[in-house]
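The file coords-v1.txt comes next; it holds compact mmCIF, C-alpha atoms.
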# COMPACT_ATOMS: atom_id res chain seq x y z
CA ILE B 1337 0.00 0.00 0.00
CA TYR B 1338 3.01 2.32 0.08
CA PRO B 1339 6.31 2.76 -1.78
CA MET B 1340 9.39 1.70 0.22
CA SER B 1341 11.52 4.56 -1.08
CA VAL B 1342 12.44 7.33 1.33
CA SER B 1343 10.40 9.84 -0.63
CA ALA B 1344 7.12 8.94 -2.24
CA LEU B 1345 6.75 11.22 -5.25
CA LEU B 1346 3.02 11.40 -5.66
CA SER B 1347 0.85 13.35 -8.04
CA GLU B 1348 -2.11 15.28 -6.66
CA SER B 1349 -2.77 18.99 -6.71
CA TYR B 1350 -1.29 20.89 -3.77
CA LEU B 1351 -4.17 23.31 -3.47
CA MET B 1352 -6.12 22.39 -0.34
CA SER B 1353 -5.62 24.00 3.05
CA ASP B 1354 -5.32 20.57 4.71
CA LEU B 1355 -2.48 18.21 3.84
CA VAL B 1356 -4.31 15.34 5.54
CA ASN B 1357 -8.07 15.11 6.02
CA LEU B 1358 -9.37 11.88 7.55
CA GLU B 1359 -12.87 11.27 8.84
CA SER B 1360 -14.30 8.22 10.65
CA VAL B 1361 -11.43 5.92 9.68
CA GLN B 1362 -11.73 2.24 10.64
CA LEU B 1363 -8.22 0.85 10.08
CA ARG B 1364 -8.08 -2.92 9.61
CA LEU B 1365 -5.47 -5.51 8.68
CA GLY B 1366 -7.21 -8.68 7.58
CA THR B 1367 -9.89 -9.46 10.17
CA ARG B 1368 -8.20 -7.41 12.88
CA THR B 1369 -9.39 -3.89 13.64
CA LEU B 1370 -6.43 -1.72 14.62
CA ILE B 1371 -7.82 1.82 14.95
CA ARG B 1372 -11.48 2.77 15.05
CA ASP B 1373 -13.35 6.06 14.65
CA LEU B 1374 -10.33 8.23 13.80
CA THR B 1375 -10.84 11.75 12.50
CA LEU B 1376 -7.94 14.15 12.00
CA ASN B 1377 -6.93 17.18 9.96
CA LEU B 1378 -3.41 18.43 9.33
CA ALA B 1379 -3.10 21.93 7.90
CA VAL B 1380 -0.24 22.99 5.64
CA GLY B 1381 2.95 23.47 7.64
CA LYS B 1382 1.56 21.93 10.85
CA ARG B 1383 3.08 19.06 12.82
CA LEU B 1384 1.14 16.12 14.24
CA GLY B 1385 2.44 13.44 16.61
CA LEU B 1386 0.95 9.95 16.97
CA THR B 1387 1.69 7.86 20.05
CA GLY B 1388 0.23 4.86 21.84
CA PRO B 1389 0.77 1.13 22.42
CA SER B 1390 3.16 -0.83 20.20
CA GLY B 1391 1.31 -2.73 17.50
CA CYS B 1392 -1.79 -0.53 17.65
CA GLY B 1393 -1.61 0.56 14.00
CA LYS B 1394 0.40 3.80 14.08
CA THR B 1395 2.86 2.60 11.43
CA THR B 1396 0.06 1.16 9.28
CA LEU B 1397 -1.76 4.50 9.46
CA LEU B 1398 1.44 6.36 8.54
CA ARG B 1399 2.05 4.08 5.55
CA SER B 1400 -1.56 4.58 4.47
CA ILE B 1401 -1.04 8.36 4.49
CA VAL B 1402 2.17 8.01 2.45
CA GLY B 1403 0.46 5.73 -0.08
CA ARG B 1404 -2.87 7.62 0.02
CA GLN B 1405 -4.69 4.33 0.36
CA LEU B 1406 -6.11 2.37 3.28
CA PRO B 1407 -5.43 -1.39 3.62
CA ARG B 1408 -8.05 -3.71 2.16
CA GLY B 1409 -11.04 -4.07 4.46
CA SER B 1410 -10.60 -0.63 6.03
CA GLU B 1411 -13.26 2.05 5.80
CA ALA B 1412 -13.45 5.84 5.94
CA GLN B 1413 -16.00 8.53 5.22
CA ARG B 1414 -13.10 10.69 4.02
CA PHE B 1415 -9.45 9.88 3.33
CA ILE B 1416 -7.71 12.73 1.52
CA VAL B 1417 -3.96 13.39 1.36
CA THR B 1418 -2.80 16.33 -0.75
CA GLY B 1419 0.64 17.59 -1.72
CA SER B 1420 2.57 16.41 -4.74
CA ARG B 1421 5.60 15.24 -2.72
CA ILE B 1422 5.68 13.22 0.50
CA GLY B 1423 8.94 12.40 2.28
CA TYR B 1424 8.90 9.10 4.14
CA VAL B 1425 11.25 8.14 6.96
CA PRO B 1426 10.68 4.41 7.65
CA GLN B 1427 12.00 2.42 10.58
CA ASN B 1428 13.98 0.16 8.22
CA GLY B 1429 15.25 0.30 4.66
CA GLY B 1430 14.44 3.39 2.67
CA LEU B 1431 17.90 4.00 1.14
CA MET B 1432 19.10 2.79 -2.25
CA PRO B 1433 21.91 0.37 -1.34
CA TRP B 1434 23.74 0.60 -4.68
CA PHE B 1435 24.23 4.39 -4.30
CA SER B 1436 26.50 6.34 -2.00
CA LEU B 1437 24.79 8.63 0.50
CA ALA B 1438 25.55 11.67 -1.66
CA ASN B 1439 23.94 10.01 -4.68
CA ASN B 1440 20.93 8.91 -2.59
CA LEU B 1441 20.41 12.59 -1.83
CA LYS B 1442 20.95 13.81 -5.37
CA VAL B 1443 18.57 11.36 -7.03
CA LEU B 1444 15.75 12.51 -4.74
CA MET B 1445 16.24 16.24 -5.29
CA PRO B 1446 13.84 18.09 -7.60
CA GLN B 1447 15.30 18.69 -11.04
CA ASP B 1448 14.65 22.43 -10.95
CA GLY B 1449 18.06 23.79 -11.92
CA SER B 1450 19.29 24.31 -8.36
CA ASP B 1451 22.88 23.54 -7.37
CA THR B 1452 22.64 19.87 -6.34
CA GLU B 1453 26.24 19.76 -5.11
CA LEU B 1454 25.61 22.66 -2.73
CA GLU B 1455 22.29 21.23 -1.55
CA THR B 1456 23.87 17.81 -1.01
CA ARG B 1457 26.57 19.39 1.12
CA ARG B 1458 23.98 21.22 3.21
CA PHE B 1459 22.04 18.04 3.94
CA LEU B 1460 25.22 16.14 4.80
CA GLU B 1461 26.17 18.92 7.22
CA MET B 1462 22.67 18.93 8.70
CA ALA B 1463 23.01 15.23 9.56
CA GLU B 1464 26.73 15.45 10.45
CA LEU B 1465 27.48 12.83 7.77
CA CYS B 1466 29.95 14.62 5.48
CA HIS B 1467 32.54 11.92 6.18
CA LEU B 1468 30.15 9.30 4.72
CA ALA B 1469 29.22 11.17 1.53
CA LYS B 1470 30.86 8.58 -0.76
CA VAL B 1471 29.97 5.54 1.37
CA ARG B 1472 27.11 3.13 0.63
CA PRO B 1473 24.46 2.51 3.32
CA HIS B 1474 25.47 -1.08 4.19
CA ARG B 1475 28.54 0.32 5.99
CA PHE B 1476 26.55 2.70 8.22
CA SER B 1477 25.80 2.21 11.90
CA GLY B 1478 22.17 2.21 13.06
CA GLY B 1479 22.32 5.85 14.10
CA GLU B 1480 24.00 6.88 10.85
CA LEU B 1481 21.28 5.10 8.85
CA GLN B 1482 18.57 6.95 10.74
CA ARG B 1483 20.19 10.33 10.16
CA ALA B 1484 20.65 9.49 6.48
CA ARG B 1485 17.00 8.46 6.05
CA LEU B 1486 15.81 11.70 7.61
CA VAL B 1487 17.83 14.04 5.37
CA CYS B 1488 17.01 11.97 2.27
CA ALA B 1489 13.32 12.47 3.02
CA MET B 1490 13.92 16.22 3.26
CA ALA B 1491 16.01 16.31 0.08
CA ALA B 1492 12.93 15.77 -2.08
CA ASP B 1493 11.58 19.20 -0.98
CA PRO B 1494 8.39 17.56 0.34
CA HIS B 1495 5.13 19.24 1.27
CA LEU B 1496 4.66 16.60 4.00
CA VAL B 1497 7.09 14.36 5.90
CA CYS B 1498 5.88 11.11 7.50
CA ALA B 1499 8.45 9.83 10.01
CA ASP B 1500 8.30 6.56 11.94
CA GLU B 1501 10.44 6.51 15.12
CA PRO B 1502 13.18 8.33 13.16
CA LEU B 1503 15.96 8.83 15.75
CA THR B 1504 15.78 5.97 18.26
CA GLU B 1505 19.40 4.87 17.65
CA VAL B 1506 21.03 8.30 17.50
CA ASP B 1507 23.12 9.36 20.51
CA ILE B 1508 21.55 12.06 22.63
CA GLN B 1509 23.85 14.95 21.67
CA GLN B 1510 23.59 14.36 17.93
CA LYS B 1511 19.86 13.68 18.21
CA TRP B 1512 19.09 17.05 19.74
CA ARG B 1513 21.38 18.94 17.38
CA LEU B 1514 19.64 17.27 14.44
CA LEU B 1515 16.17 17.84 15.89
CA ARG B 1516 16.90 21.57 16.12
CA ARG B 1517 18.11 21.70 12.52
CA TRP B 1518 15.20 19.56 11.31
CA SER B 1519 12.68 21.77 13.07
CA GLU B 1520 14.26 24.87 11.50
CA LYS B 1521 14.18 23.25 8.05
CA LEU B 1522 10.54 22.23 8.40
CA GLY B 1523 9.66 25.77 9.43
CA ASP B 1524 11.70 27.46 6.70
CA ASP B 1525 10.14 25.29 3.99
CA GLY B 1526 6.59 25.28 5.42
CA THR B 1527 6.66 21.48 5.49
CA GLY B 1528 4.02 19.50 7.37
CA LEU B 1529 4.93 16.56 9.62
CA VAL B 1530 3.24 13.39 10.83
CA LEU B 1531 5.50 11.80 13.45
CA VAL B 1532 5.08 8.39 15.07
CA SER B 1533 7.05 8.20 18.31
CA HIS B 1534 7.11 6.82 21.85
CA ASP B 1535 9.54 9.55 22.90
CA LEU B 1536 7.58 12.13 24.89
CA ASP B 1537 10.40 14.70 24.70
CA ILE B 1538 10.57 14.56 20.90
CA LEU B 1539 6.78 14.75 20.59
CA THR B 1540 6.69 17.76 22.91
CA TYR B 1541 9.57 19.47 21.12
CA LEU B 1542 8.54 18.94 17.48
CA CYS B 1543 4.76 18.79 17.37
CA ASP B 1544 1.92 21.31 17.36
CA GLU B 1545 -0.62 18.63 18.18
CA VAL B 1546 -0.50 15.08 19.52
CA ILE B 1547 -2.99 12.22 19.26
CA CYS B 1548 -2.73 9.51 21.92
CA PHE B 1549 -4.26 6.09 21.28
CA ALA B 1550 -5.58 3.78 23.99
CA GLY B 1551 -7.28 0.37 24.07
CA ALA B 1552 -10.94 0.28 23.04
CA GLY B 1553 -11.63 -2.94 25.00
CA ASP B 1554 -11.82 -5.30 22.03
CA GLY B 1555 -8.15 -5.45 21.02
CA SER B 1556 -8.39 -2.30 18.90
CA VAL B 1557 -7.51 1.25 19.87
CA THR B 1558 -9.29 4.54 19.63
CA ARG B 1559 -8.19 8.13 20.05
CA SER B 1560 -8.07 8.70 23.80
CA ALA B 1561 -6.82 12.28 23.73
CA GLN B 1562 -5.91 15.01 21.28
CA PHE B 1563 -4.46 18.33 22.33
CA SER B 1564 -2.37 21.24 21.11
CA LEU B 1565 1.11 22.15 22.33
CA SER B 1566 2.04 25.80 22.73
CA GLY B 1567 5.22 27.55 21.67
CA ARG B 1568 6.72 28.71 18.41
CA HIS B 1569 9.11 26.66 16.32
CA PRO B 1570 11.97 26.06 16.47
CA ARG B 1571 11.73 25.49 20.19
CA ASP B 1572 14.88 25.47 22.30
CA PRO B 1573 15.96 21.90 23.18
CA MET B 1574 17.02 23.24 26.59
CA ASP B 1575 13.34 23.90 27.28
CA ILE B 1576 12.99 20.14 27.74
CA ALA B 1577 15.65 20.17 30.46
CA ASN B 1578 14.60 23.38 32.22
CA GLY B 1579 10.91 22.47 32.37
CA ALA B 1580 9.58 25.14 30.01
CA LEU B 1581 7.79 22.43 27.99
CA HIS B 1582 6.70 20.49 31.08
CA ASP B 1583 2.98 21.19 30.62
CA GLY B 1584 2.92 19.72 27.12
CA ARG B 1585 4.90 16.67 28.17
CA SER B 1586 2.61 16.14 31.15
CA LYS B 1587 -0.46 16.23 28.90
CA ILE B 1588 0.94 13.41 26.78
CA ALA B 1589 2.05 11.36 29.80
CA ASN B 1590 -1.31 11.73 31.54
CA ALA B 1591 -3.16 10.69 28.39
CA LEU B 1592 -0.99 7.59 28.02
CA PHE B 1593 -0.61 6.51 31.63
CA GLY B 1594 -3.38 8.34 33.50
CA ALA B 1595 -3.02 11.21 35.94
CA PRO B 1596 -1.10 10.55 39.17
CA LYS B 1597 -3.30 9.20 41.96
CA ALA B 1598 -2.89 12.33 44.05
CA GLN B 1599 -4.06 14.44 41.12
CA GLN B 1600 -6.99 12.10 40.50
CA ARG B 1601 -8.06 12.43 44.16
CA ASP B 1602 -7.85 16.22 43.93
CA GLU B 1603 -9.95 16.26 40.75
CA HIS B 1604 -12.61 13.77 41.73
CA SER B 1605 -12.96 13.79 45.51
CA ALA B 1606 -15.85 15.72 47.07
CA PRO B 1607 -14.94 18.83 49.06
CA ASP B 1608 -14.79 18.57 52.83
CA VAL B 1609 -17.92 19.79 54.62
Please lay out the structure from this file as structure tokens.
Amino acid sequence: IYPMSVSALLSESYLMSDLVNLESVQLRLGTRTLIRDLTLNLAVGKRLGLTGPSGCGKTTLLRSIVGRQLPRGSEAQRFIVTGSRIGYVPQNGGLMPWFSLANNLKVLMPQDGSDTELETRRFLEMAELCHLAKVRPHRFSGGELQRARLVCAMAADPHLVCADEPLTEVDIQQKWRLLRRWSEKLGDDGTGLVLVSHDLDILTYLCDEVICFAGAGDGSVTRSAQFSLSGRHPRDPMDIANGALHDGRSKIANALFGAPKAQQRDEHSAPDV
């Protein structure tokens, strides 16, 4: 249902105000219902995070958005994905193994007369991978592969990026340097983002809005919470450490794990008389 290349070059008019418009989606794989009753809208340039239990259908939903097509047996009142170019950052694969990293980048770039050598250099610098420009992907470490997938997705000048747990193997210093640069690039280009992640800090830092999934009682999941996160982009990574983004992170944590018992007592107990 989706192309396994880093960037899916798709052909629909980029004229609507919403990049993604889904209504009443019932996501199924075979006889199994993964996600039920999902409605979401992603405006141009906005960033949406998806989080919830492993195996609940987040990756399947992301692949469906990339391929603009739900799996067989699924249903939706509306399933519209606009934008002529979608960059995809998968958990595995996604790079052309017979090309060097530099050539992976170049082959994905729009043929619009721009200086591909200069643009390739900029993306290599963004990912701190200049030393691997002429190296093929099979020689990369796990973290190097993830950084390479991310910048290859951006090289196609996409209207929307769909990223699936993109930086789980990157060391913490490089991860936050790259997140800052990625956030700046998304903002400069007006690129939308759908991000699947279990990392609450990354969700809080990158996203404007987060959808949390929870069990529906029959083995499927439904949207348990959806809320907006405040703050302009690019946010300062130090805001994670100094607590400036604590409220947003707490919203996600409470939606996933429930409010602390003390907070629940405060909210639900009757006042003393």
Q.
Ranking B:Arg1516, B:Ala1463, B:Glu1480, B:Glu1455 by minimum distance to Val1443 in chain B and counting all atoms listed in the file, which one comes first?
A. B:Glu1455
Q: Quick one: everything within 12 Å of Phe1476 in chain B, counting all atoms listed in the file, minus sequence neighbours fewer than 4 positions away in the same chain. Send it as a list in words.
A: Leu1431, Pro1433, Ser1436, Leu1437, Leu1465, His1467, Leu1468, Ala1469, Lys1470, Val1471, Arg1472, Glu1480, Leu1481, Gln1482, Arg1483, Ala1484 and Arg1485 of chain B
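Taking CA of Pro1389 in chain B as the reference point, CA of Gly1551 in chain B is found at 8.3 Å.
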Q. Which one is closest to Ser1566 in chain B: B:Tyr1541, B:Phe1459, B:Trp1434, B:Phe1415? Count only C-alpha atoms.
A. B:Tyr1541
Could you give me, as a short mmCIF file (atom, residue, chain, number, x, y, z; two decimals) with C-alpha atoms, keeping the file's coordinate frame, the residues within 10 Å of range 1361-1372 of chain B, counting all atoms listed in the file and dropping anything in the same chain fewer than 3 positions from it?
data_model
loop_
_atom_site.label_atom_id
_atom_site.label_comp_id
_atom_site.auth_asym_id
_atom_site.auth_seq_id
_atom_site.Cartn_x
_atom_site.Cartn_y
_atom_site.Cartn_z
CA LEU B 1358 -9.37 11.88 7.55
CA THR B 1375 -10.84 11.75 12.50
CA LEU B 1376 -7.94 14.15 12.00
CA GLY B 1391 1.31 -2.73 17.50
CA CYS B 1392 -1.79 -0.53 17.65
CA GLY B 1393 -1.61 0.56 14.00
CA LYS B 1394 0.40 3.80 14.08
CA THR B 1396 0.06 1.16 9.28
CA LEU B 1397 -1.76 4.50 9.46
CA SER B 1400 -1.56 4.58 4.47
CA LEU B 1406 -6.11 2.37 3.28
CA PRO B 1407 -5.43 -1.39 3.62
CA ARG B 1408 -8.05 -3.71 2.16
CA GLY B 1409 -11.04 -4.07 4.46
CA SER B 1410 -10.60 -0.63 6.03
CA GLU B 1411 -13.26 2.05 5.80
CA ALA B 1412 -13.45 5.84 5.94
CA GLN B 1413 -16.00 8.53 5.22
CA ARG B 1414 -13.10 10.69 4.02
CA PHE B 1415 -9.45 9.88 3.33
CA PHE B 1549 -4.26 6.09 21.28
CA ALA B 1550 -5.58 3.78 23.99
CA GLY B 1551 -7.28 0.37 24.07
CA ALA B 1552 -10.94 0.28 23.04
CA ASP B 1554 -11.82 -5.30 22.03
CA GLY B 1555 -8.15 -5.45 21.02
CA SER B 1556 -8.39 -2.30 18.90
CA VAL B 1557 -7.51 1.25 19.87
CA THR B 1558 -9.29 4.54 19.63
CA ARG B 1559 -8.19 8.13 20.05
#
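When CA of Ser1564 in chain B is paired with CA of Leu1592 in chain B, their separation reads 15.4 Å.
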(Q) Residues proximal to (20.3, 13.9, -8.7) were defined as those with any atom within 12 Å of that point in the file's coordinates, counting all atoms listed in the file. Which are they, as JSON, numbers by chain? (A) {"B": [1435, 1436, 1437, 1438, 1439, 1440, 1441, 1442, 1443, 1444, 1445, 1446, 1447, 1448, 1449, 1450, 1451, 1452, 1453, 1454, 1455, 1456, 1488, 1491, 1492]}
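The spacing separating CA of Gly1526 in chain B from CA of Gly1381 in chain B amounts to 4.6 Å.
Considering only C-alpha atoms, the residue among B:Ile1588, B:Leu1531, B:Leu1542, B:Ile1508 positioned nearest to Gly1567 in chain B is B:Leu1542.
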Q) Using all atoms listed in the file, which of the listed residues (B:Thr1504, B:Ser1560, B:Thr1527, B:Asn1357) sits closest to Lys1587 in chain B? A) B:Ser1560
Q. When distances are computed from only C-alpha atoms, which of B:Leu1386, B:Leu1398, B:Met1462, B:Leu1378 shows the smallest separation from Lys1511 in chain B?
A. B:Met1462
Exercise on range 1478-1496 of chain B, axis-aligned box with 6 Å per side, report centre and edge lengths in Å to one decimal, as JSON:
{"center_x": 14.3, "center_y": 10.7, "center_z": 6.0, "size_x": 31.3, "size_y": 29.0, "size_z": 28.2}
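Distances to Ser1533 in chain B were evaluated for B:Thr1387, B:Ser1586, B:Ser1519, B:Asn1377 using all atoms listed in the file, and the minimum falls at B:Thr1387.
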